[in-house]
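Structure file start26.cif; described as mmCIF, C-alpha atoms (C1' of nucleotides) and all ligand atoms.
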```cif
data_query
#
loop_
_atom_site.label_atom_id
_atom_site.label_comp_id
_atom_site.auth_asym_id
_atom_site.auth_seq_id
_atom_site.Cartn_x
_atom_site.Cartn_y
_atom_site.Cartn_z
CA MET A 1 123.42 94.51 -9.58
CA SER A 2 123.14 98.17 -10.56
CA SER A 3 120.76 98.92 -7.70
CA ARG A 4 123.58 99.07 -5.20
CA ALA A 5 123.73 102.22 -3.15
CA LEU A 6 125.96 105.01 -4.43
CA PRO A 7 129.05 104.61 -2.26
CA TYR A 8 129.36 100.99 -3.38
CA ARG A 9 129.68 101.58 -7.10
CA PRO A 10 131.30 104.04 -9.48
CA HIS A 11 129.19 107.12 -9.83
CA ASN A 12 129.39 110.76 -10.69
CA HIS A 13 130.55 111.87 -7.30
CA ASP A 14 130.80 115.51 -8.34
CA ALA A 15 127.04 115.40 -8.43
CA CYS A 16 126.99 114.19 -4.81
CA VAL A 17 129.18 117.10 -3.82
CA SER A 18 127.34 119.83 -5.67
CA HIS A 19 124.02 118.50 -4.44
CA ALA A 20 125.28 118.50 -0.87
CA LEU A 21 126.62 122.02 -1.16
CA ALA A 22 123.42 123.32 -2.71
CA GLU A 23 121.38 121.74 0.06
CA ALA A 24 123.69 123.17 2.68
CA ARG A 25 123.32 126.67 1.28
CA ALA A 26 119.56 126.33 1.20
CA ILE A 27 119.35 124.99 4.73
CA CYS A 28 121.61 127.66 6.16
CA GLN A 29 119.81 130.45 4.38
CA GLN A 30 116.49 129.17 5.62
CA GLN A 31 117.76 129.13 9.20
CA ASN A 32 119.71 132.37 9.08
CA ALA A 33 122.94 130.52 9.66
CA ARG A 34 126.14 131.77 8.11
CA LEU A 35 127.79 129.22 5.85
CA THR A 36 131.09 131.09 5.81
CA PRO A 37 133.86 130.24 3.35
CA THR A 38 135.77 128.15 5.87
CA ARG A 39 132.67 126.22 6.86
CA GLU A 40 131.72 125.64 3.25
CA ARG A 41 135.22 124.52 2.36
CA VAL A 42 135.29 122.07 5.27
CA LEU A 43 131.97 120.66 4.15
CA GLU A 44 133.32 120.28 0.64
CA LEU A 45 136.41 118.49 1.92
CA ILE A 46 134.33 116.14 4.02
CA TRP A 47 132.34 115.37 0.91
CA GLN A 48 135.36 114.63 -1.22
CA SER A 49 134.46 110.95 -0.94
CA HIS A 50 132.16 108.64 0.96
CA LYS A 51 134.99 107.74 3.33
CA PRO A 52 134.84 109.60 6.63
CA LEU A 53 137.61 112.09 7.21
CA GLY A 54 139.34 112.77 10.52
CA ALA A 55 139.45 116.32 11.82
CA TYR A 56 143.20 116.37 11.37
CA ASP A 57 142.86 115.13 7.80
CA VAL A 58 140.65 118.10 7.10
CA LEU A 59 143.13 120.34 8.85
CA ALA A 60 145.98 119.01 6.71
CA LYS A 61 144.07 119.69 3.51
CA LEU A 62 143.22 123.19 4.63
CA THR A 63 146.78 124.09 5.51
CA SER A 64 148.07 122.53 2.30
CA GLU A 65 145.76 124.93 0.49
CA GLY A 66 147.46 127.83 2.21
CA HIS A 67 144.63 128.34 4.68
CA ASN A 68 145.93 129.51 7.99
CA ALA A 69 144.18 126.91 10.11
CA ALA A 70 144.59 125.33 13.52
CA PRO A 71 142.64 122.53 15.21
CA PRO A 72 139.94 124.87 16.57
CA THR A 73 139.30 126.14 13.07
CA VAL A 74 138.32 122.67 11.97
CA TYR A 75 136.49 121.62 15.10
CA ARG A 76 134.44 124.79 15.09
CA ALA A 77 133.46 124.33 11.49
CA LEU A 78 132.57 120.71 12.17
CA ASP A 79 130.53 121.68 15.22
CA PHE A 80 128.61 124.14 13.13
CA LEU A 81 128.00 121.62 10.35
CA GLN A 82 126.86 119.00 12.83
CA GLN A 83 124.55 121.46 14.49
CA TYR A 84 122.75 122.06 11.22
CA GLY A 85 122.69 118.36 10.38
CA LEU A 86 125.10 118.66 7.46
CA VAL A 87 127.70 116.22 8.71
CA HIS A 88 127.74 113.36 11.17
CA ARG A 89 130.47 112.25 13.49
CA ILE A 90 131.24 108.53 13.37
CA ALA A 91 132.15 107.74 16.95
CA SER A 92 133.75 104.38 16.22
CA LEU A 93 136.16 106.03 13.77
CA ASN A 94 136.67 109.46 15.29
CA ALA A 95 135.82 110.80 11.86
CA PHE A 96 133.21 112.81 10.02
CA THR A 97 131.05 112.12 7.02
CA GLY A 98 128.60 114.18 4.99
CA CYS A 99 124.95 113.68 5.83
CA THR A 100 123.01 112.26 2.92
CA HIS A 101 119.64 113.16 4.38
CA ALA A 102 120.30 116.76 5.31
CA GLY A 103 117.19 118.66 6.20
CA LYS A 104 115.10 115.57 6.83
CA HIS A 105 114.56 114.76 10.45
CA HIS A 106 116.32 111.44 10.95
CA THR A 107 118.52 109.19 13.03
CA GLY A 108 121.47 108.03 11.04
CA MET A 109 122.41 104.37 10.77
CA PHE A 110 125.84 103.92 9.27
CA LEU A 111 127.16 100.92 7.38
CA ILE A 112 130.93 101.15 7.51
CA CYS A 113 133.02 98.92 5.28
CA ARG A 114 136.19 97.88 7.08
CA ALA A 115 137.90 97.08 3.78
CA CYS A 116 137.26 100.10 1.57
CA GLY A 117 136.26 102.56 4.26
CA ASN A 118 133.14 103.79 2.52
CA VAL A 119 130.11 104.61 4.59
CA LEU A 120 126.46 104.37 3.67
CA GLU A 121 123.98 106.26 5.78
CA LEU A 122 120.55 104.73 6.10
CA MET A 123 117.33 106.12 7.46
CA GLU A 124 115.41 103.10 8.72
CA SER A 125 112.39 103.95 10.75
CA SER A 126 111.82 100.28 11.58
CA VAL A 127 115.21 100.15 13.28
CA THR A 128 114.64 103.42 15.08
CA THR A 129 111.29 102.20 16.28
CA ALA A 130 112.72 98.93 17.56
CA ILE A 131 115.38 100.84 19.48
CA GLU A 132 112.89 103.27 20.95
CA ASN A 133 110.64 100.43 22.01
CA ALA A 134 113.50 98.68 23.75
CA ALA A 135 114.37 101.91 25.53
CA SER A 136 110.75 102.51 26.54
CA ALA A 137 110.56 99.05 28.04
CA GLU A 138 113.19 100.25 30.54
CA ALA A 139 111.48 103.61 31.00
CA PHE A 140 114.48 105.24 29.37
CA GLN A 141 113.97 108.46 27.43
CA PRO A 142 116.22 108.44 24.34
CA GLU A 143 117.64 111.65 22.97
CA ALA A 144 120.43 110.62 20.62
CA ILE A 145 121.13 107.31 18.96
CA THR A 146 124.58 106.21 17.82
CA LEU A 147 124.24 103.27 15.44
CA GLU A 148 127.27 102.19 13.48
CA VAL A 149 127.62 98.85 11.79
CA ALA A 150 131.07 97.71 10.73
CA GLY A 151 131.41 94.97 8.15
CA LEU A 152 131.93 94.37 4.45
CA CYS A 153 130.20 96.25 1.68
CA PRO A 154 128.94 94.33 -1.36
CA GLY A 155 131.99 95.19 -3.45
CA CYS A 156 134.47 94.12 -0.81
CA GLN A 157 132.66 90.86 -0.14
CA ALA A 158 133.30 89.98 -3.80
CA ASP A 159 136.96 90.93 -3.48
CA GLN A 160 137.35 88.51 -0.59
CA HIS A 161 136.81 85.56 -2.95
CA HIS A 162 139.61 86.56 -5.28
CA GLU A 163 142.31 86.25 -2.62
CA MET B 164 108.28 100.87 40.31
CA SER B 165 110.64 98.30 41.79
CA SER B 166 111.03 96.49 38.49
CA ARG B 167 113.49 99.04 37.23
CA ALA B 168 116.76 97.68 36.00
CA LEU B 169 119.62 97.51 38.50
CA PRO B 170 121.67 100.56 37.55
CA TYR B 171 118.61 102.74 38.02
CA ARG B 172 117.89 101.95 41.63
CA PRO B 173 119.78 101.32 44.84
CA HIS B 174 120.97 97.76 44.98
CA ASN B 175 123.58 95.58 46.51
CA HIS B 176 126.26 96.43 44.07
CA ASP B 177 128.85 94.26 45.75
CA ALA B 178 126.79 91.37 44.46
CA CYS B 179 127.13 92.74 40.91
CA VAL B 180 130.88 92.86 41.36
CA SER B 181 131.39 89.47 42.89
CA HIS B 182 129.10 87.91 40.32
CA ALA B 183 131.04 89.54 37.50
CA LEU B 184 134.36 88.43 38.93
CA ALA B 185 133.17 84.88 39.43
CA GLU B 186 131.91 84.74 35.86
CA ALA B 187 135.17 86.17 34.57
CA ARG B 188 137.20 83.54 36.39
CA ALA B 189 134.99 80.78 35.04
CA ILE B 190 135.14 82.07 31.48
CA CYS B 191 138.89 82.49 31.52
CA GLN B 192 139.49 79.09 33.03
CA GLN B 193 137.25 77.50 30.43
CA GLN B 194 139.18 79.18 27.63
CA ASN B 195 142.65 78.73 29.07
CA ALA B 196 143.06 82.48 29.37
CA ARG B 197 145.07 83.93 32.20
CA LEU B 198 143.12 86.32 34.35
CA THR B 199 146.24 87.77 35.96
CA PRO B 200 146.10 89.99 39.05
CA THR B 201 146.36 93.20 37.02
CA ARG B 202 143.64 92.12 34.62
CA GLU B 203 141.40 91.06 37.46
CA ARG B 204 141.99 94.29 39.32
CA VAL B 205 141.19 96.35 36.22
CA LEU B 206 137.97 94.40 35.75
CA GLU B 207 137.10 95.02 39.38
CA LEU B 208 137.76 98.75 39.01
CA ILE B 209 135.62 98.91 35.89
CA TRP B 210 132.88 97.25 37.85
CA GLN B 211 133.07 99.65 40.77
CA SER B 212 129.85 101.19 39.47
CA HIS B 213 127.55 101.16 36.49
CA LYS B 214 129.18 104.32 35.17
CA PRO B 215 131.74 103.69 32.45
CA LEU B 216 135.32 104.46 33.39
CA GLY B 217 137.93 106.02 31.14
CA ALA B 218 141.23 104.24 30.68
CA TYR B 219 143.02 107.04 32.49
CA ASP B 220 140.55 106.85 35.36
CA VAL B 221 141.49 103.22 35.76
CA LEU B 222 145.14 104.16 35.50
CA ALA B 223 144.78 106.75 38.24
CA LYS B 224 143.15 104.27 40.58
CA LEU B 225 145.85 101.71 39.92
CA THR B 226 148.67 104.12 40.58
CA SER B 227 146.95 105.46 43.68
CA GLU B 228 146.99 101.88 44.95
CA GLY B 229 150.74 101.78 44.55
CA HIS B 230 150.62 99.75 41.37
CA ASN B 231 153.39 100.72 39.02
CA ALA B 232 151.21 101.30 36.00
CA ALA B 233 151.47 103.22 32.74
CA PRO B 234 148.92 103.68 29.94
CA PRO B 235 149.89 100.45 28.15
CA THR B 236 149.26 98.51 31.35
CA VAL B 237 145.65 99.60 31.34
CA TYR B 238 145.02 99.39 27.62
CA ARG B 239 146.49 95.92 27.48
CA ALA B 240 144.30 94.73 30.31
CA LEU B 241 141.27 96.32 28.69
CA ASP B 242 142.09 94.71 25.34
CA PHE B 243 142.26 91.37 27.04
CA LEU B 244 138.99 91.87 28.86
CA GLN B 245 137.26 93.02 25.69
CA GLN B 246 138.60 90.05 23.80
CA TYR B 247 136.96 87.68 26.25
CA GLY B 248 133.74 89.67 26.29
CA LEU B 249 134.13 90.85 29.89
CA VAL B 250 134.01 94.57 29.22
CA HIS B 251 132.67 96.78 26.45
CA ARG B 252 134.07 99.98 25.11
CA ILE B 253 131.52 102.78 24.80
CA ALA B 254 132.66 104.61 21.67
CA SER B 255 130.62 107.73 22.30
CA LEU B 256 132.25 108.18 25.71
CA ASN B 257 135.75 106.77 25.17
CA ALA B 258 135.09 104.71 28.24
CA PHE B 259 134.65 101.15 29.38
CA THR B 260 131.92 99.31 31.21
CA GLY B 261 131.55 95.80 32.54
CA CYS B 262 129.58 93.42 30.38
CA THR B 263 126.42 92.22 32.07
CA HIS B 264 125.95 89.35 29.67
CA ALA B 265 129.42 87.85 29.73
CA GLY B 266 129.62 84.46 28.17
CA LYS B 267 126.38 84.80 26.26
CA HIS B 268 126.77 85.56 22.59
CA HIS B 269 125.27 88.99 22.14
CA THR B 270 125.38 92.45 20.63
CA GLY B 271 125.24 95.06 23.31
CA MET B 272 122.79 97.93 23.21
CA PHE B 273 123.67 100.60 25.73
CA LEU B 274 121.33 103.07 27.39
CA ILE B 275 123.50 105.89 28.67
CA CYS B 276 122.02 108.46 31.04
CA ARG B 277 123.47 111.87 30.33
CA ALA B 278 122.54 113.07 33.82
CA CYS B 279 123.78 110.36 36.18
CA GLY B 280 126.16 108.60 33.82
CA ASN B 281 124.87 105.11 34.50
CA VAL B 282 124.71 102.64 31.67
CA LEU B 283 122.31 99.78 31.15
CA GLU B 284 123.28 97.10 28.69
CA LEU B 285 120.43 95.42 26.89
CA MET B 286 120.36 92.33 24.74
CA GLU B 287 117.47 92.85 22.36
CA SER B 288 117.32 90.36 19.56
CA SER B 289 114.46 92.27 17.93
CA VAL B 290 116.71 95.30 17.56
CA THR B 291 119.61 93.25 16.30
CA THR B 292 117.35 91.57 13.77
CA ALA B 293 115.99 94.88 12.51
CA ILE B 294 119.53 96.16 12.07
CA GLU B 295 120.67 93.04 10.27
CA ASN B 296 117.68 93.19 7.96
CA ALA B 297 118.40 96.78 7.07
CA ALA B 298 122.01 95.87 6.34
CA SER B 299 120.97 92.88 4.25
CA ALA B 300 118.72 95.07 2.14
CA GLU B 301 121.89 96.88 1.05
CA ALA B 302 123.81 93.61 0.61
CA PHE B 303 126.04 94.67 3.50
CA GLN B 304 127.59 91.98 5.67
CA PRO B 305 127.62 93.16 9.30
CA GLU B 306 130.36 92.09 11.66
CA ALA B 307 130.15 94.44 14.62
CA ILE B 308 127.35 96.69 15.80
CA THR B 309 127.85 99.80 17.88
CA LEU B 310 124.56 100.87 19.39
CA GLU B 311 124.59 103.53 22.06
CA VAL B 312 121.55 105.49 23.12
CA ALA B 313 122.04 108.66 25.11
CA GLY B 314 119.16 110.11 27.09
CA LEU B 315 117.61 110.18 30.53
CA CYS B 316 117.19 107.20 32.81
CA PRO B 317 113.95 106.84 34.77
CA GLY B 318 115.43 108.29 37.95
CA CYS B 319 116.84 111.35 36.25
CA GLN B 320 113.60 112.03 34.38
CA ALA B 321 111.93 112.39 37.78
CA ASP B 322 114.68 114.72 38.98
CA GLN B 323 114.03 117.00 36.01
CA HIS B 324 110.63 117.93 37.45
CA HIS B 325 112.06 119.09 40.73
CA GLU B 326 114.19 121.82 39.14
"C1'" DC C 327 129.70 155.31 12.41
"C1'" DA C 328 129.12 153.09 16.86
"C1'" DA C 329 127.74 149.11 19.62
"C1'" DG C 330 127.20 144.38 20.19
"C1'" DG C 331 127.22 139.86 18.78
"C1'" DT C 332 129.45 136.29 15.88
"C1'" DT C 333 133.35 134.39 13.78
"C1'" DT C 334 138.24 133.64 13.33
"C1'" DG C 335 143.39 133.49 14.64
"C1'" DC C 336 146.43 131.82 17.71
"C1'" DA C 337 148.93 129.65 21.50
"C1'" DA C 338 148.84 126.63 24.82
"C1'" DC C 339 147.06 122.59 26.82
"C1'" DA C 340 144.23 118.30 27.87
"C1'" DT C 341 142.83 113.73 26.84
"C1'" DT C 342 143.03 109.33 24.65
"C1'" DA C 343 145.76 105.78 22.55
"C1'" DT C 344 149.86 103.38 20.51
"C1'" DA C 345 154.83 102.08 19.29
"C1'" DA C 346 159.07 100.11 20.41
"C1'" DC C 347 162.04 97.66 23.13
"C1'" DA C 348 163.79 95.76 27.50
"C1'" DT C 349 162.63 92.74 31.34
"C1'" DT C 350 160.23 89.47 33.94
"C1'" DT C 351 157.23 85.59 34.66
"C1'" DG C 352 154.93 81.05 34.02
"C1'" DC C 353 155.36 76.80 32.22
"C1'" DA C 354 156.60 72.57 29.35
"C1'" DG C 355 160.15 69.37 28.06
"C1'" DG C 356 164.60 67.51 28.96
"C1'" DC D 357 166.13 71.09 38.97
"C1'" DC D 358 167.35 73.45 34.69
"C1'" DT D 359 166.60 75.40 30.27
"C1'" DG D 360 164.38 77.74 26.90
"C1'" DC D 361 160.27 79.64 24.82
"C1'" DA D 362 156.04 82.27 24.80
"C1'" DA D 363 153.15 85.24 27.20
"C1'" DA D 364 152.81 89.09 30.07
"C1'" DT D 365 154.59 93.29 32.05
"C1'" DG D 366 157.60 97.49 32.69
"C1'" DT D 367 159.29 101.75 30.69
"C1'" DT D 368 159.86 105.59 27.80
"C1'" DA D 369 158.50 108.13 24.35
"C1'" DT D 370 155.28 109.68 20.99
"C1'" DA D 371 151.06 109.84 18.13
"C1'" DA D 372 146.33 111.10 17.50
"C1'" DT D 373 142.33 113.50 18.88
"C1'" DG D 374 140.02 117.29 21.05
"C1'" DT D 375 139.56 121.72 24.17
"C1'" DT D 376 140.29 126.33 26.57
"C1'" DG D 377 141.01 131.14 26.70
"C1'" DC D 378 141.78 135.37 24.95
"C1'" DA D 379 142.40 138.87 21.44
"C1'" DA D 380 141.56 140.51 16.84
"C1'" DA D 381 138.64 140.80 12.82
"C1'" DC D 382 134.09 140.77 10.93
"C1'" DC D 383 129.44 141.42 10.10
"C1'" DT D 384 124.89 143.51 11.22
"C1'" DT D 385 121.76 146.82 12.73
"C1'" DG D 386 120.26 151.09 14.55
ZN ZN E 1 129.19 110.13 -4.14
ZN ZN E 2 133.99 98.07 0.95
ZN ZN E 3 125.35 97.01 40.35
ZN ZN E 4 120.29 108.93 35.14
#
```
Before we go any further, please render this structure as structure tokens.
Amino acid sequence: MSSRALPYRPHNHDACVSHALAEARAICQQQNARLTPTRERVLELIWQSHKPLGAYDVLAKLTSEGHNAAPPTVYRALDFLQQYGLVHRIASLNAFTGCTHAGKHHTGMFLICRACGNVLELMESSVTTAIENAASAEAFQPEAITLEVAGLCPGCQADQHHE
Amino acid sequence: MSSRALPYRPHNHDACVSHALAEARAICQQQNARLTPTRERVLELIWQSHKPLGAYDVLAKLTSEGHNAAPPTVYRALDFLQQYGLVHRIASLNAFTGCTHAGKHHTGMFLICRACGNVLELMESSVTTAIENAASAEAFQPEAITLEVAGLCPGCQADQHHE
DNA sequence: CAAGGTTTGCAACATTATAACATTTGCAGG
DNA sequence: CCTGCAAATGTTATAATGTTGCAAACCTTG
């Protein structure tokens, strides 16, 4: 099955990263936001794989690179990146992952593999609609949706059988 | 509109509590689980309103009652209660709320009012189905769904206009 | 260059959660 | 009733995650 989504199979991940960075630069330029070196580097670190990274993981990488960083350094960069829709926070993991639909208006739905840790972000309007309908039925006005599904990705389901 | 869900209107909340406690006792008895005094008290504290309570809020109440409690006391009780489906953890708030569908097999969907803090737990099979379908389309095997919707409850939408 | 806003450095602190080990409690079998 | 085991609790310390406040550095724009 070669139609599996990117995180679930070997792929040229450098392409993911450079695409994400290019998009980020475009989006920030368009909105007059300053993608400073620290912010860009944090984004790049977040994108180093499809596994979400904790703020303190990012911090460790920064300091190991000689960057003089403290927790606020990282959290501020992450706040900025979230604000411009370049990264998402995964509440159930206390971790951050690069947005794969940057620029497009969307509500993220995250498939989180508990075995390999990779995350796939989906943009399913049918799901969003179902959620909004359920909220409407209670006269509730939704503003932000947190939707995170933990389970096994295709690759890790296969691995289960070999054990 | 008197058909609004309980958390969103004045109601006899003592009935909510005693119902929840009765259910908890029944469920634990049925499963040979020990609803010890501490566990029961924690459940009762969680149920003191429809606003989720942080673990340290619970801890503070316990100690203020003279109970000799430390963080593990509370987390252990909460783990137990979660295990038997009596409370849910709200990941986006790092807080806990009583389950309003205890006993029934369900995936909770939480409507969280950012103004008043009340939470309504829904059980919407249409939403669950849409999520599972989206996961299936990526050959992902879901195990646990975190679905939390932040926004404004009916009451607080009305309050907005008065400001 | 001078003023004013934005970004960063830095130190301290706050909040949430877990680890490790000793002690007590409830209960089943002798 | 005892005895011994497993489950539950007490206790202390520590880990992990996130925030506040203030001063210095840095753009940008007139
Ligand atoms: Zn990739
Ligand atoms: Zn996997
Ligand atoms: Zn109630
Ligand atoms: Zn409200």
Enumerate as an mmCIF file with C-alpha atoms, keeping the file's coordinate frame the residues within 12 Å of ligand ZN 1 (chain E), counting all atoms listed in the file.
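Generated output (part13.cif):
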```
data_model
loop_
_atom_site.group_PDB
_atom_site.id
_atom_site.type_symbol
_atom_site.label_atom_id
_atom_site.label_comp_id
_atom_site.auth_asym_id
_atom_site.auth_seq_id
_atom_site.Cartn_x
_atom_site.Cartn_y
_atom_site.Cartn_z
ATOM 1 C CA ALA A 5 123.730 102.220 -3.150
ATOM 2 C CA LEU A 6 125.960 105.010 -4.430
ATOM 3 C CA PRO A 7 129.050 104.610 -2.260
ATOM 4 C CA TYR A 8 129.360 100.990 -3.380
ATOM 5 C CA ARG A 9 129.680 101.580 -7.100
ATOM 6 C CA PRO A 10 131.300 104.040 -9.480
ATOM 7 C CA HIS A 11 129.190 107.120 -9.830
ATOM 8 C CA ASN A 12 129.390 110.760 -10.690
ATOM 9 C CA HIS A 13 130.550 111.870 -7.300
ATOM 10 C CA ASP A 14 130.800 115.510 -8.340
ATOM 11 C CA ALA A 15 127.040 115.400 -8.430
ATOM 12 C CA CYS A 16 126.990 114.190 -4.810
ATOM 13 C CA VAL A 17 129.180 117.100 -3.820
ATOM 14 C CA SER A 18 127.340 119.830 -5.670
ATOM 15 C CA HIS A 19 124.020 118.500 -4.440
ATOM 16 C CA ALA A 20 125.280 118.500 -0.870
ATOM 17 C CA GLU A 44 133.320 120.280 0.640
ATOM 18 C CA ILE A 46 134.330 116.140 4.020
ATOM 19 C CA TRP A 47 132.340 115.370 0.910
ATOM 20 C CA GLN A 48 135.360 114.630 -1.220
ATOM 21 C CA SER A 49 134.460 110.950 -0.940
ATOM 22 C CA HIS A 50 132.160 108.640 0.960
ATOM 23 C CA LYS A 51 134.990 107.740 3.330
ATOM 24 C CA THR A 97 131.050 112.120 7.020
ATOM 25 C CA GLY A 98 128.600 114.180 4.990
ATOM 26 C CA CYS A 99 124.950 113.680 5.830
ATOM 27 C CA THR A 100 123.010 112.260 2.920
ATOM 28 C CA ASN A 118 133.140 103.790 2.520
ATOM 29 C CA VAL A 119 130.110 104.610 4.590
ATOM 30 C CA LEU A 120 126.460 104.370 3.670
ATOM 31 C CA GLU A 121 123.980 106.260 5.780
#
```
Work out how far apart CA of Ser3 (chain A) and CA of Ser299 (chain B) are and give it in Å to one decimal.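 Value for the CA of Ser3 (chain A)-CA of Ser299 (chain B) distance: 13.4 Å.
In terms of minimum interatomic distance to chain B, C:DA343 ranks closest within C:DA328, C:DA338, C:DA348, C:DA343, counting all atoms listed in the file.
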Kindly determine which residues of chain A lie within 10 Å of chain C, considering only C-alpha atoms (C1' of nucleotides), and give the answer as a PyMOL selection string. chain A and resi 34+36+38+68-70+72-73+76
Those residues with C-alpha atoms, as a PDB file, in the coordinates of the input please?
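Generated file (out-v4.pdb):
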```pdb
ATOM      1  CA  ARG A  34     126.140 131.770   8.110  1.00  0.00           C
ATOM      2  CA  THR A  36     131.090 131.090   5.810  1.00  0.00           C
ATOM      3  CA  THR A  38     135.770 128.150   5.870  1.00  0.00           C
ATOM      4  CA  ASN A  68     145.930 129.510   7.990  1.00  0.00           C
ATOM      5  CA  ALA A  69     144.180 126.910  10.110  1.00  0.00           C
ATOM      6  CA  ALA A  70     144.590 125.330  13.520  1.00  0.00           C
ATOM      7  CA  PRO A  72     139.940 124.870  16.570  1.00  0.00           C
ATOM      8  CA  THR A  73     139.300 126.140  13.070  1.00  0.00           C
ATOM      9  CA  ARG A  76     134.440 124.790  15.090  1.00  0.00           C
TER      10      ARG A  76
END
```
For chain B, work out the contacting residues on chain A at 8 Å, counting all atoms listed in the file, and write them as a VMD selection string. chain A and resid 4 to 5 91 to 92 111 124 126 to 127 130 to 131 134 to 135 138 to 154 157
Starting from the incomplete input, reconstruct N, CA and C atoms of region 247-260 of chain B and report them as a PDB file, in the coordinates of the input.
```pdb
ATOM      1  N   TYR B 247     137.722  88.771  25.663  1.00  0.00           N
ATOM      2  CA  TYR B 247     136.960  87.680  26.250  1.00  0.00           C
ATOM      3  C   TYR B 247     135.557  88.114  26.644  1.00  0.00           C
ATOM      4  N   GLY B 248     135.130  89.254  26.112  1.00  0.00           N
ATOM      5  CA  GLY B 248     133.740  89.670  26.290  1.00  0.00           C
ATOM      6  C   GLY B 248     133.412  90.045  27.721  1.00  0.00           C
ATOM      7  N   LEU B 249     134.398  90.518  28.492  1.00  0.00           N
ATOM      8  CA  LEU B 249     134.130  90.850  29.890  1.00  0.00           C
ATOM      9  C   LEU B 249     133.862  92.334  30.091  1.00  0.00           C
ATOM     10  N   VAL B 250     134.346  93.144  29.186  1.00  0.00           N
ATOM     11  CA  VAL B 250     134.010  94.570  29.220  1.00  0.00           C
ATOM     12  C   VAL B 250     133.686  95.043  27.814  1.00  0.00           C
ATOM     13  N   HIS B 251     132.964  96.145  27.732  1.00  0.00           N
ATOM     14  CA  HIS B 251     132.670  96.780  26.450  1.00  0.00           C
ATOM     15  C   HIS B 251     133.264  98.182  26.446  1.00  0.00           C
ATOM     16  N   ARG B 252     133.653  98.595  25.266  1.00  0.00           N
ATOM     17  CA  ARG B 252     134.070  99.980  25.110  1.00  0.00           C
ATOM     18  C   ARG B 252     132.879 100.778  24.606  1.00  0.00           C
ATOM     19  N   ILE B 253     132.590 101.907  25.238  1.00  0.00           N
ATOM     20  CA  ILE B 253     131.520 102.780  24.800  1.00  0.00           C
ATOM     21  C   ILE B 253     132.142 103.864  23.924  1.00  0.00           C
ATOM     22  N   ALA B 254     131.940 103.734  22.621  1.00  0.00           N
ATOM     23  CA  ALA B 254     132.660 104.610  21.670  1.00  0.00           C
ATOM     24  C   ALA B 254     132.293 106.070  21.878  1.00  0.00           C
ATOM     25  N   SER B 255     131.037 106.345  22.197  1.00  0.00           N
ATOM     26  CA  SER B 255     130.620 107.730  22.300  1.00  0.00           C
ATOM     27  C   SER B 255     131.143 108.398  23.556  1.00  0.00           C
ATOM     28  N   LEU B 256     131.722 107.627  24.460  1.00  0.00           N
ATOM     29  CA  LEU B 256     132.250 108.180  25.710  1.00  0.00           C
ATOM     30  C   LEU B 256     133.747 107.945  25.865  1.00  0.00           C
ATOM     31  N   ASN B 257     134.361 107.194  24.972  1.00  0.00           N
ATOM     32  CA  ASN B 257     135.750 106.770  25.170  1.00  0.00           C
ATOM     33  C   ASN B 257     135.915 106.196  26.569  1.00  0.00           C
ATOM     34  N   ALA B 258     135.050 105.273  26.892  1.00  0.00           N
ATOM     35  CA  ALA B 258     135.090 104.710  28.240  1.00  0.00           C
ATOM     36  C   ALA B 258     134.678 103.248  28.200  1.00  0.00           C
ATOM     37  N   PHE B 259     134.857 102.596  29.342  1.00  0.00           N
ATOM     38  CA  PHE B 259     134.650 101.150  29.380  1.00  0.00           C
ATOM     39  C   PHE B 259     133.687 100.788  30.496  1.00  0.00           C
ATOM     40  N   THR B 260     132.916  99.743  30.230  1.00  0.00           N
ATOM     41  CA  THR B 260     131.920  99.310  31.210  1.00  0.00           C
ATOM     42  C   THR B 260     131.900  97.791  31.255  1.00  0.00           C
TER      43      THR B 260
END
```
